[in-house]
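Text of data-v1.cif (mmCIF, C-alpha atoms) as supplied:
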data_protein
#
loop_
_atom_site.label_atom_id
_atom_site.label_comp_id
_atom_site.auth_asym_id
_atom_site.auth_seq_id
_atom_site.Cartn_x
_atom_site.Cartn_y
_atom_site.Cartn_z
CA MET A 1 -21.45 -22.59 89.24
CA ALA A 2 -22.14 -19.56 91.38
CA LEU A 3 -20.55 -16.17 91.84
CA SER A 4 -17.94 -15.85 94.57
CA ASP A 5 -18.77 -13.46 97.42
CA SER A 6 -16.19 -11.04 96.10
CA ASP A 7 -17.59 -11.15 92.56
CA PHE A 8 -21.10 -10.80 93.90
CA ILE A 9 -20.10 -7.51 95.53
CA ARG A 10 -17.92 -6.35 92.65
CA TYR A 11 -20.65 -6.84 90.07
CA SER A 12 -23.58 -6.10 92.37
CA ARG A 13 -24.86 -3.14 90.33
CA GLN A 14 -24.97 -5.35 87.25
CA VAL A 15 -26.44 -8.36 89.06
CA LEU A 16 -29.13 -6.06 90.41
CA LEU A 17 -30.52 -5.69 86.91
CA PRO A 18 -33.22 -8.32 86.29
CA GLU A 19 -31.86 -8.61 82.74
CA VAL A 20 -28.47 -9.65 84.13
CA GLY A 21 -28.83 -11.31 87.52
CA GLU A 22 -26.38 -13.93 88.69
CA THR A 23 -27.00 -16.01 85.58
CA GLY A 24 -26.14 -13.13 83.26
CA GLN A 25 -23.03 -12.24 85.24
CA LEU A 26 -21.91 -15.83 85.03
CA ALA A 27 -22.52 -15.68 81.28
CA PHE A 28 -20.20 -12.64 81.07
CA ILE A 29 -17.55 -14.47 83.08
CA ASP A 30 -17.87 -17.50 80.83
CA SER A 31 -17.59 -15.47 77.59
CA HIS A 32 -14.78 -15.02 75.11
CA VAL A 33 -14.92 -11.84 73.03
CA VAL A 34 -12.51 -11.05 70.21
CA ILE A 35 -11.81 -7.38 69.59
CA ILE A 36 -10.22 -6.52 66.27
CA GLY A 37 -8.62 -3.11 66.32
CA VAL A 38 -7.30 -1.49 69.49
CA GLY A 39 -7.65 2.15 68.51
CA GLY A 40 -10.26 4.55 69.82
CA LEU A 41 -13.07 2.00 69.69
CA GLY A 42 -11.10 -1.02 70.85
CA ASN A 43 -9.48 0.77 73.81
CA LEU A 44 -12.75 1.65 75.46
CA ALA A 45 -14.80 -1.34 74.32
CA ALA A 46 -12.15 -3.67 75.75
CA GLN A 47 -12.03 -1.76 79.01
CA GLN A 48 -15.83 -1.73 79.35
CA LEU A 49 -16.07 -5.47 78.72
CA ALA A 50 -13.19 -6.34 81.05
CA ALA A 51 -14.67 -4.13 83.76
CA ALA A 52 -18.04 -5.82 83.29
CA GLY A 53 -16.42 -9.18 83.98
CA VAL A 54 -16.12 -10.75 80.54
CA GLY A 55 -13.87 -13.72 81.23
CA LYS A 56 -11.67 -13.73 78.18
CA ILE A 57 -10.81 -11.03 75.67
CA THR A 58 -8.54 -11.46 72.66
CA LEU A 59 -7.13 -8.23 71.23
CA VAL A 60 -5.96 -8.17 67.61
CA ASP A 61 -3.98 -5.25 66.18
CA GLY A 62 -0.56 -4.88 64.57
CA ASP A 63 -0.32 -1.14 65.14
CA CYS A 64 2.04 0.77 67.42
CA ILE A 65 1.06 3.67 69.64
CA ALA A 66 1.54 7.10 68.06
CA LEU A 67 1.36 10.56 69.57
CA SER A 68 -1.78 11.41 67.59
CA ASN A 69 -3.59 8.42 69.18
CA LEU A 70 -3.45 9.76 72.73
CA PRO A 71 -6.41 12.19 72.71
CA ARG A 72 -8.87 9.32 72.21
CA GLN A 73 -7.07 6.04 73.01
CA LEU A 74 -7.24 6.44 76.74
CA LEU A 75 -5.41 3.31 77.85
CA PHE A 76 -2.24 4.82 76.37
CA SER A 77 0.07 7.61 77.54
CA ASP A 78 3.31 9.25 76.41
CA ALA A 79 5.40 6.54 78.06
CA ASP A 80 3.77 3.97 75.74
CA LEU A 81 4.68 5.64 72.45
CA GLY A 82 6.10 3.21 69.91
CA TYR A 83 4.98 0.09 71.73
CA ASN A 84 2.50 -2.32 70.22
CA LYS A 85 -1.07 -1.39 71.10
CA VAL A 86 -2.19 -4.89 72.02
CA ASP A 87 0.76 -5.45 74.38
CA VAL A 88 0.19 -2.19 76.27
CA ALA A 89 -3.57 -2.68 76.35
CA ARG A 90 -3.17 -6.22 77.63
CA ARG A 91 -0.78 -5.10 80.37
CA LYS A 92 -2.99 -2.27 81.57
CA LEU A 93 -6.25 -4.20 81.36
CA SER A 94 -4.76 -7.20 83.14
CA LEU A 95 -3.58 -4.94 85.94
CA ALA A 96 -6.91 -3.21 86.38
CA TYR A 97 -9.13 -6.26 85.78
CA PRO A 98 -7.17 -9.35 86.84
CA GLN A 99 -10.30 -11.48 86.70
CA THR A 100 -10.27 -11.15 82.89
CA GLN A 101 -7.82 -13.13 80.78
CA VAL A 102 -6.55 -10.83 78.05
CA ASP A 103 -4.74 -12.32 75.06
CA ALA A 104 -2.86 -10.18 72.56
CA VAL A 105 -2.29 -10.87 68.88
CA GLY A 106 0.07 -8.22 67.50
CA GLU A 107 -0.82 -8.58 63.85
CA PHE A 108 -2.93 -6.77 61.30
CA LEU A 109 -5.60 -9.01 59.82
CA THR A 110 -4.92 -9.93 56.20
CA ASP A 111 -6.55 -12.43 53.88
CA ASP A 112 -3.48 -14.60 54.30
CA ASN A 113 -3.25 -14.67 58.08
CA MET A 114 -6.93 -14.47 59.00
CA GLY A 115 -7.27 -18.22 59.27
CA ALA A 116 -4.22 -18.49 61.45
CA VAL A 117 -5.10 -15.52 63.65
CA LEU A 118 -8.82 -16.20 64.08
CA GLY A 119 -9.75 -19.41 62.43
CA GLU A 120 -8.24 -22.15 64.48
CA THR A 121 -10.04 -21.46 67.70
CA SER A 122 -13.10 -19.67 66.36
CA LYS A 123 -15.41 -22.21 67.95
CA SER A 124 -14.37 -20.91 71.34
CA TYR A 125 -15.46 -17.35 70.58
CA ASP A 126 -18.82 -16.04 71.61
CA LEU A 127 -18.66 -12.70 69.86
CA LEU A 128 -16.55 -10.58 67.52
CA LEU A 129 -16.22 -6.81 67.82
CA ASP A 130 -15.13 -4.91 64.76
CA CYS A 131 -13.20 -1.93 66.10
CA SER A 132 -11.02 -1.57 63.02
CA ASP A 133 -10.29 1.64 61.16
CA ASN A 134 -10.52 0.73 57.49
CA PHE A 135 -13.01 -0.66 54.99
CA ASP A 136 -10.95 -3.62 53.79
CA THR A 137 -10.48 -4.99 57.29
CA ARG A 138 -14.18 -4.48 58.00
CA GLN A 139 -15.03 -6.58 54.96
CA ARG A 140 -12.54 -9.23 56.03
CA ILE A 141 -13.98 -9.46 59.55
CA ASN A 142 -17.50 -9.71 58.15
CA ARG A 143 -16.53 -12.54 55.81
CA PHE A 144 -14.98 -14.39 58.72
CA ALA A 145 -18.02 -13.83 60.95
CA ILE A 146 -20.45 -15.06 58.29
CA LYS A 147 -18.35 -18.06 57.42
CA SER A 148 -17.87 -18.98 61.06
CA GLU A 149 -21.48 -18.18 61.98
CA LEU A 150 -20.30 -15.90 64.76
CA PRO A 151 -22.22 -12.84 65.91
CA LEU A 152 -20.49 -9.59 65.06
CA VAL A 153 -21.00 -6.13 66.50
CA SER A 154 -19.49 -3.58 64.15
CA ALA A 155 -18.91 0.02 65.19
CA SER A 156 -17.24 2.91 63.41
CA ALA A 157 -16.73 6.62 63.83
CA ALA A 158 -15.24 9.46 61.80
CA HIS A 159 -15.91 13.19 61.74
CA PHE A 160 -19.23 13.56 63.63
CA ASN A 161 -20.71 10.35 62.23
CA GLY A 162 -20.98 7.00 63.88
CA GLN A 163 -22.42 3.69 62.74
CA LEU A 164 -23.26 0.64 64.82
CA LEU A 165 -24.48 -2.63 63.37
CA ASN A 166 -25.45 -5.93 64.97
CA ILE A 167 -24.95 -8.93 62.68
CA ASP A 168 -26.16 -12.37 63.74
CA GLN A 169 -27.52 -14.53 60.94
CA ARG A 170 -27.30 -17.60 63.14
CA TYR A 171 -30.09 -16.02 65.17
CA ASN A 172 -32.04 -14.54 62.27
CA PRO A 173 -31.00 -15.55 58.74
CA ASN A 174 -33.25 -12.88 57.24
CA THR A 175 -31.05 -10.09 58.60
CA GLY A 176 -28.16 -8.62 56.65
CA CYS A 177 -24.40 -8.64 57.00
CA TYR A 178 -21.90 -5.79 56.62
CA HIS A 179 -21.53 -6.55 52.92
CA CYS A 180 -25.33 -6.37 52.44
CA LEU A 181 -25.09 -2.82 53.78
CA PHE A 182 -21.80 -1.75 52.26
CA PRO A 183 -20.66 -3.97 49.36
CA ALA A 184 -16.89 -4.20 49.11
CA GLU A 185 -16.90 -2.43 45.74
CA MET A 186 -18.29 0.79 47.25
CA SER A 187 -15.97 3.77 47.39
CA VAL A 188 -15.01 5.12 50.79
CA SER A 189 -13.43 8.41 51.66
CA GLN A 190 -14.09 8.86 55.37
CA SER A 191 -11.42 7.90 57.87
CA CYS A 192 -10.13 9.47 61.07
CA GLN A 193 -6.89 10.35 59.28
CA THR A 194 -8.63 12.32 56.55
CA VAL A 195 -11.62 13.91 58.27
CA GLY A 196 -10.65 14.03 61.94
CA ILE A 197 -12.44 12.90 65.06
CA LEU A 198 -13.11 14.03 68.63
CA GLY A 199 -12.36 11.53 71.41
CA PRO A 200 -15.87 11.49 72.89
CA MET A 201 -17.31 10.79 69.46
CA VAL A 202 -15.44 7.51 69.13
CA GLY A 203 -15.96 6.88 72.85
CA THR A 204 -19.72 7.15 72.37
CA LEU A 205 -19.68 4.52 69.66
CA ALA A 206 -17.34 2.27 71.69
CA SER A 207 -19.66 2.44 74.69
CA MET A 208 -22.70 1.67 72.57
CA GLN A 209 -20.79 -1.20 71.00
CA ALA A 210 -19.86 -2.58 74.42
CA LEU A 211 -23.47 -2.22 75.60
CA MET A 212 -24.69 -4.07 72.52
CA ALA A 213 -22.02 -6.73 73.11
CA LEU A 214 -23.11 -7.31 76.71
CA GLN A 215 -26.72 -7.59 75.61
CA GLN A 216 -25.71 -10.10 72.95
CA LEU A 217 -23.92 -12.14 75.62
CA LEU A 218 -27.11 -12.05 77.69
CA GLY A 219 -29.04 -13.42 74.72
CA ASP A 220 -30.93 -10.20 74.08
CA LYS A 221 -31.27 -10.09 70.30
CA GLN A 222 -33.43 -6.99 69.86
CA THR A 223 -30.82 -5.14 67.84
CA VAL A 224 -29.87 -7.95 65.45
CA GLY A 225 -30.18 -6.78 61.84
CA LYS A 226 -30.34 -3.13 62.76
CA LEU A 227 -28.03 -0.30 61.82
CA PHE A 228 -27.83 2.65 64.21
CA ARG A 229 -26.43 5.90 62.90
CA PHE A 230 -25.28 8.62 65.28
CA ASP A 231 -25.00 12.26 64.33
CA GLY A 232 -22.63 13.82 66.85
CA LYS A 233 -23.55 17.35 65.84
CA ARG A 234 -27.29 17.01 66.24
CA PHE A 235 -27.07 14.35 68.95
CA SER A 236 -29.52 12.15 67.10
CA TRP A 237 -29.66 8.40 66.63
CA ARG A 238 -31.40 6.91 63.62
CA GLU A 239 -32.35 3.27 63.34
CA LEU A 240 -32.57 1.32 60.09
CA ASN A 241 -33.52 -2.26 59.35
CA LEU A 242 -30.97 -4.20 57.38
CA PRO A 243 -32.57 -7.15 55.60
CA ARG A 244 -30.38 -9.82 54.13
CA ASN A 245 -29.65 -9.14 50.48
CA GLN A 246 -30.30 -12.39 48.65
CA ALA A 247 -27.77 -11.26 46.04
CA CYS A 248 -25.06 -10.43 48.61
CA GLY A 249 -21.65 -11.70 47.56
CA VAL A 250 -20.86 -12.79 51.13
CA CYS A 251 -24.05 -14.09 52.73
CA GLY A 252 -26.43 -14.21 49.75
CA ALA A 253 -28.27 -17.35 48.73
CA GLY A 254 -26.11 -17.63 45.65
CA GLU A 255 -22.90 -18.22 47.57
CA GLY A 256 -21.98 -20.73 50.19
CA ASP A 257 -25.50 -22.16 49.99
CA ARG A 258 -26.83 -22.02 53.52
CA ALA A 259 -30.12 -23.70 52.68
CA PRO A 260 -29.00 -27.15 53.86
CA VAL A 261 -27.87 -25.68 57.16
CA LEU A 262 -31.18 -23.91 57.59
CA ARG A 263 -33.14 -27.03 56.73
CA GLU A 264 -31.19 -28.91 59.37
CA LYS A 265 -32.05 -26.26 61.90
CA LEU A 266 -35.68 -26.41 60.88
CA ALA A 267 -35.74 -30.16 61.17
CA ALA A 268 -34.22 -29.89 64.62
CA GLY A 269 -37.05 -27.53 65.50
CA LEU A 270 -34.72 -24.95 66.94
CA ASP A 271 -36.38 -21.80 68.06
CA GLU A 272 -34.11 -19.37 69.79
CA GLY A 273 -36.65 -16.58 69.85
CA SER A 274 -36.19 -14.35 72.87
CA GLY A 275 -38.08 -11.33 74.02
CA SER A 276 -37.17 -9.34 70.97
CA GLY A 277 -40.71 -8.28 70.27
CA SER A 278 -40.51 -9.58 66.74
CA GLY A 279 -41.61 -13.00 67.88
CA SER A 280 -39.83 -14.50 64.91
CA GLY A 281 -37.13 -16.80 66.23
CA LEU A 282 -34.78 -18.92 64.24
CA LYS A 283 -37.32 -21.48 63.11
CA GLN A 284 -39.68 -18.95 61.63
CA ALA A 285 -36.81 -17.03 60.12
CA ALA A 286 -35.46 -20.16 58.50
CA GLU A 287 -38.87 -20.99 57.12
CA GLN A 288 -39.13 -17.55 55.63
CA GLU A 289 -35.72 -17.81 54.05
CA LEU A 290 -36.48 -21.17 52.53
CA ASP A 291 -39.55 -19.70 50.91
CA LEU A 292 -37.71 -19.18 47.64
CA GLY A 293 -38.26 -16.00 45.78
CA SER A 294 -39.56 -14.19 48.81
CA GLU A 295 -37.44 -11.12 48.36
CA LEU A 296 -37.86 -9.06 51.45
CA GLY A 297 -40.49 -6.40 50.92
CA GLN A 298 -40.37 -2.76 51.79
CA ALA A 299 -41.57 -1.90 55.25
CA GLY A 300 -43.77 1.14 55.59
CA LEU A 301 -42.13 2.94 58.47
CA GLN A 302 -40.69 6.37 58.75
CA SER A 303 -37.45 8.22 59.34
CA ALA A 304 -35.07 10.29 57.37
CA GLU A 305 -31.82 12.01 57.99
CA LYS A 306 -29.47 14.62 56.81
CA ASP A 307 -26.01 13.23 56.48
CA TYR A 308 -22.69 14.23 55.08
CA VAL A 309 -23.19 12.67 51.68
CA MET B 1 -35.88 19.08 37.85
CA TYR B 2 -38.75 16.95 39.10
CA LYS B 3 -41.33 19.71 38.74
CA GLY B 4 -44.45 19.39 36.65
CA ASN B 5 -47.67 17.48 36.50
CA GLY B 6 -47.84 14.19 38.29
CA SER B 7 -45.20 15.10 40.85
CA VAL B 8 -45.21 13.90 44.43
CA SER B 9 -43.38 14.95 47.59
CA ILE B 10 -40.78 12.81 49.28
CA THR B 11 -37.99 13.61 51.70
CA VAL B 12 -34.36 12.91 50.97
CA ASN B 13 -32.18 13.25 54.08
CA ASP B 14 -34.94 15.33 55.67
CA GLU B 15 -35.24 17.73 52.72
CA VAL B 16 -38.58 17.82 50.94
CA LYS B 17 -38.23 17.08 47.23
CA GLN B 18 -40.70 16.99 44.39
CA ILE B 19 -40.21 13.99 42.16
CA ALA B 20 -42.12 12.55 39.23
CA ASP B 21 -44.85 10.22 40.38
CA LYS B 22 -43.63 6.62 40.17
CA ALA B 23 -40.05 7.72 39.66
CA ARG B 24 -37.49 4.98 39.94
CA LEU B 25 -35.34 5.03 43.07
CA GLN B 26 -32.25 4.87 40.87
CA ASN B 27 -33.19 8.13 39.15
CA VAL B 28 -33.91 9.92 42.42
CA ILE B 29 -30.55 8.84 43.85
CA GLU B 30 -28.70 9.81 40.67
CA SER B 31 -30.26 13.25 40.69
CA TYR B 32 -29.48 13.85 44.37
CA CYS B 33 -25.86 12.77 43.96
CA GLU B 34 -25.43 14.79 40.78
CA ASN B 35 -26.70 17.98 42.42
CA ARG B 36 -24.32 17.57 45.34
CA ALA B 37 -21.34 16.27 43.42
CA VAL B 38 -21.42 13.07 45.46
CA ASP B 39 -20.04 9.85 44.02
CA ILE B 40 -23.07 7.60 43.64
CA ASN B 41 -20.81 4.62 44.29
CA SER B 42 -20.19 5.92 47.81
CA VAL B 43 -23.79 5.97 49.04
CA ALA B 44 -26.00 3.43 50.74
CA VAL B 45 -29.73 3.99 50.67
CA ALA B 46 -32.60 3.38 53.05
CA LEU B 47 -36.22 3.76 51.99
CA ASN B 48 -38.69 4.20 54.83
CA SER B 49 -36.11 2.98 57.35
CA GLU B 50 -35.09 -0.12 55.45
CA VAL B 51 -31.80 -0.50 53.60
CA VAL B 52 -32.33 -1.10 49.86
CA PRO B 53 -29.51 -2.99 48.11
CA HIS B 54 -28.08 -1.44 44.98
CA SER B 55 -29.49 -4.28 42.89
CA ARG B 56 -33.02 -3.07 43.67
CA TRP B 57 -32.56 0.64 42.99
CA GLN B 58 -33.68 0.28 39.38
CA SER B 59 -36.85 -1.68 40.07
CA GLN B 60 -37.91 0.18 43.21
CA ILE B 61 -40.58 2.81 42.52
CA CYS B 62 -40.85 5.85 44.78
CA GLN B 63 -44.21 6.95 46.15
CA ALA B 64 -45.62 10.07 47.77
CA ASN B 65 -44.33 10.68 51.30
CA ASP B 66 -41.47 8.22 50.97
CA LYS B 67 -38.56 8.96 53.24
CA LEU B 68 -35.17 8.36 51.73
CA GLU B 69 -31.87 8.35 53.56
CA LEU B 70 -28.58 8.44 51.70
CA PHE B 71 -25.43 7.89 53.71
CA SER B 72 -21.81 6.94 53.27
CA VAL B 73 -19.56 4.31 54.77
CA VAL B 74 -18.00 5.38 58.05
CA ALA B 75 -14.96 3.17 58.43
CA GLY B 76 -12.88 4.88 61.12
CA GLY B 77 -12.36 3.65 64.60
#
As structure tokens, what does this structure read like?
Amino acid sequence: MALSDSDFIRYSRQVLLPEVGETGQLAFIDSHVVIIGVGGLGNLAAQQLAAAGVGKITLVDGDCIALSNLPRQLLFSDADLGYNKVDVARRKLSLAYPQTQVDAVGEFLTDDNMGAVLGETSKSYDLLLDCSDNFDTRQRINRFAIKSELPLVSASAAHFNGQLLNIDQRYNPNTGCYHCLFPAEMSVSQSCQTVGILGPMVGTLASMQALMALQQLLGDKQTVGKLFRFDGKRFSWRELNLPRNQACGVCGAGEGDRAPVLREKLAAGLDEGSGSGSGSGLKQAAEQELDLGSELGQAGLQSAEKDYV
Amino acid sequence: MYKGNGSVSITVNDEVKQIADKARLQNVIESYCENRAVDINSVAVALNSEVVPHSRWQSQICQANDKLELFSVVAGG
């Protein structure tokens, strides 16, 4: 398969990048990304991915467009008020980027419908984007991603704080999931409804999320297992390592025993290590995980941050 | 409250703090949250740029020059 002349010109500035090239562009075209939440994050992330040539995007959101959405959900305008977000987003994205197939699922994710909405065809997905606006849904998406062994790029924004997390335990089983970072029993008070948000703040996180998504689709795994925190007042990014918590209720060794899966991968000699700089790769990571009792140690790096806690 | 003999310096969210040498991470977090009226159940913690799960707060010992970050869930989008 090769790019058409028209696509070659359309995506020429992307193809020009050695990291993308024709092969990478074809990978975008061949990809299926599921975006859960079509608010401030989902609007822009979907547009960025469609514009970049991602072949198929499924949008999931049961919400309708409200007046207070318009300052940051830029696909929508006054004429769209009251309509379902996924229907309007699908219509506008399909018009602007006809080369992308956009599917719309006009439902909120619940424990009851998650299997029906996402489960049946999960094998056809390449990547999940968490663009949701509440903690419960974020936990739900994470559980689905871990269970389905799908990579997940999770972004969030409220007030002047943003968080971006790349979860891919299929690539590196020693890295954490959303629940390793924020267990479901934690208390949460920050949401856009209660603390407010500026459009560019959520747009920043959506763009970073889309960038991370494209790099994932290219097979660049440098950010797997890392949490990036953005302070929109000080314009600073902080990077943290998120090791897998062996006691995690979602991905921990105690539940859904992954050891047999990892042993299979080891036996198969899989090593998906790319130019991440860590040089670890799946095989090494699996070996480390199977080394029972090897609780991940403390790294001796540096960084600190003032935050709103 | 961490003053006295055998104290060491660490930073918590960029602020320099004196804590008892070999203080437990749990105690440092409790003190920080108490002083700022923050619900301890709402914070995640990173020590020297690595997230430390709640289950290890009690056993983790702090050392001089440690850099602690406490932050909350951001769930909006």
* To do: Report as JSON, numbers by chain the set of chain B residues whose atoms approach chain A to within 8 Å, with distances computed over all atoms listed in the file.
  => {"B": [11, 12, 13, 14, 15, 38, 41, 42, 43, 44, 46, 47, 48, 49, 50, 51, 53, 55, 67, 68, 69, 70, 71, 72, 73, 74, 75, 76, 77]}
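Once the PyMOL selection byres ((chain B and resi 64) around 8) is applied to the depicted file, the selected set reads Val8, Ser9, Ile10, Asp21, Cys62, Gln63, Asn65 and Asp66 of chain B.
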Mind dumping the selected residues with C-alpha atoms as a PDB file, in the frame of the given file?
ATOM      1  CA  VAL B   8     -45.210  13.900  44.430  1.00  0.00           C
ATOM      2  CA  SER B   9     -43.380  14.950  47.590  1.00  0.00           C
ATOM      3  CA  ILE B  10     -40.780  12.810  49.280  1.00  0.00           C
ATOM      4  CA  ASP B  21     -44.850  10.220  40.380  1.00  0.00           C
ATOM      5  CA  CYS B  62     -40.850   5.850  44.780  1.00  0.00           C
ATOM      6  CA  GLN B  63     -44.210   6.950  46.150  1.00  0.00           C
ATOM      7  CA  ASN B  65     -44.330  10.680  51.300  1.00  0.00           C
ATOM      8  CA  ASP B  66     -41.470   8.220  50.970  1.00  0.00           C
TER       9      ASP B  66
END
* Asked: Taking all atoms listed in the file into account, which of A:Phe108, A:Leu44, A:Val15, A:Leu211 comes nearest Gly62 (chain A)?
  -> A:Phe108
* Spatial neighbours of Arg140 (chain A), max dist 9 Å, only C-alpha atoms, sep filter under 4 positions, as JSON, numbers by chain -> {"A": [109, 110, 111, 114, 135, 136, 144, 145]}
9 Å contact set for Lys92 (chain A), all atoms listed in the file, chain neighbours under 5 positions out, as a PDB file with C-alpha atoms, in the coordinates of the input:
ATOM      1  CA  LEU A  75      -5.410   3.310  77.850  1.00  0.00           C
ATOM      2  CA  PHE A  76      -2.240   4.820  76.370  1.00  0.00           C
ATOM      3  CA  ASP A  87       0.760  -5.450  74.380  1.00  0.00           C
ATOM      4  CA  TYR A  97      -9.130  -6.260  85.780  1.00  0.00           C
TER       5      TYR A  97
END
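Nearest residue to Ser68 (chain A) among A:Val105, A:Leu152, A:Pro98, A:Leu198 is A:Leu198, counting all atoms listed in the file.
Look at everything within 9 Å of (-15.6, -10.5, 82.8) using all atoms listed in the file, and the residues you get are Gln25, Leu26, Ala27, Phe28, Ile29, Asp30, Ser31, His32, Leu49, Ala50, Ala51, Ala52, Gly53, Val54, Gly55, Lys56, Ile57, Tyr97, Gln99, Thr100 and Gln101 of chain A.
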* To do: Name the residues that the PyMOL selection byres ((chain B and resi 25-33) around 6) pulls out of this structure, and write them as an NGL selection string.
  => :B and (24 or 34-38 or 40 or 57-58 or 60-62)
Quick one: write out the picked residues with C-alpha atoms as an mmCIF file, in the coordinates of the input?
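This went into out_2.cif:
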data_model
loop_
_atom_site.group_PDB
_atom_site.id
_atom_site.type_symbol
_atom_site.label_atom_id
_atom_site.label_comp_id
_atom_site.auth_asym_id
_atom_site.auth_seq_id
_atom_site.Cartn_x
_atom_site.Cartn_y
_atom_site.Cartn_z
ATOM 1 C CA ARG B 24 -37.490 4.980 39.940
ATOM 2 C CA GLU B 34 -25.430 14.790 40.780
ATOM 3 C CA ASN B 35 -26.700 17.980 42.420
ATOM 4 C CA ARG B 36 -24.320 17.570 45.340
ATOM 5 C CA ALA B 37 -21.340 16.270 43.420
ATOM 6 C CA VAL B 38 -21.420 13.070 45.460
ATOM 7 C CA ILE B 40 -23.070 7.600 43.640
ATOM 8 C CA TRP B 57 -32.560 0.640 42.990
ATOM 9 C CA GLN B 58 -33.680 0.280 39.380
ATOM 10 C CA GLN B 60 -37.910 0.180 43.210
ATOM 11 C CA ILE B 61 -40.580 2.810 42.520
ATOM 12 C CA CYS B 62 -40.850 5.850 44.780
#
* Residue contacts of Asp80 (chain A) (12 Å, all atoms listed in the file) excluding same-chain residues fewer than 3 positions away, as a list in words -> Cys64, Ile65, Ala66, Leu67, Asn69, Leu70, Gln73, Leu74, Leu75, Phe76, Ser77, Tyr83, Asn84, Lys85, Val86, Asp87, Val88, Ala89, Arg91 and Lys92 of chain A
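In this comparison, which uses all atoms listed in the file, the residue of A:Leu217, A:Val224, A:Ala2, A:Ile146 approaching Gly249 (chain A) most closely is A:Ile146.
We find CA of Leu59 (chain A) and CA of Tyr178 (chain A) to be spaced 20.9 Å apart.
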* Kindly give the distance, in Å, that separates CA of Val34 (chain A) and CA of Leu129 (chain A), rounded to a single decimal. => 6.1 Å
* Could you please determine the separation between CA of Ile9 (chain A) and CA of Val102 (chain A) in Å, to one decimal place? => 22.4 Å
Once 8 Å is added on each side, what centre and edge lengths in Å to one decimal does the axis-aligned box around all listed atoms of region 22-37 of chain B have, as AutoDock Vina command-line options?
--center_x -32.5 --center_y 11.4 --center_z 42.2 --size_x 38.3 --size_y 29.1 --size_z 22.2
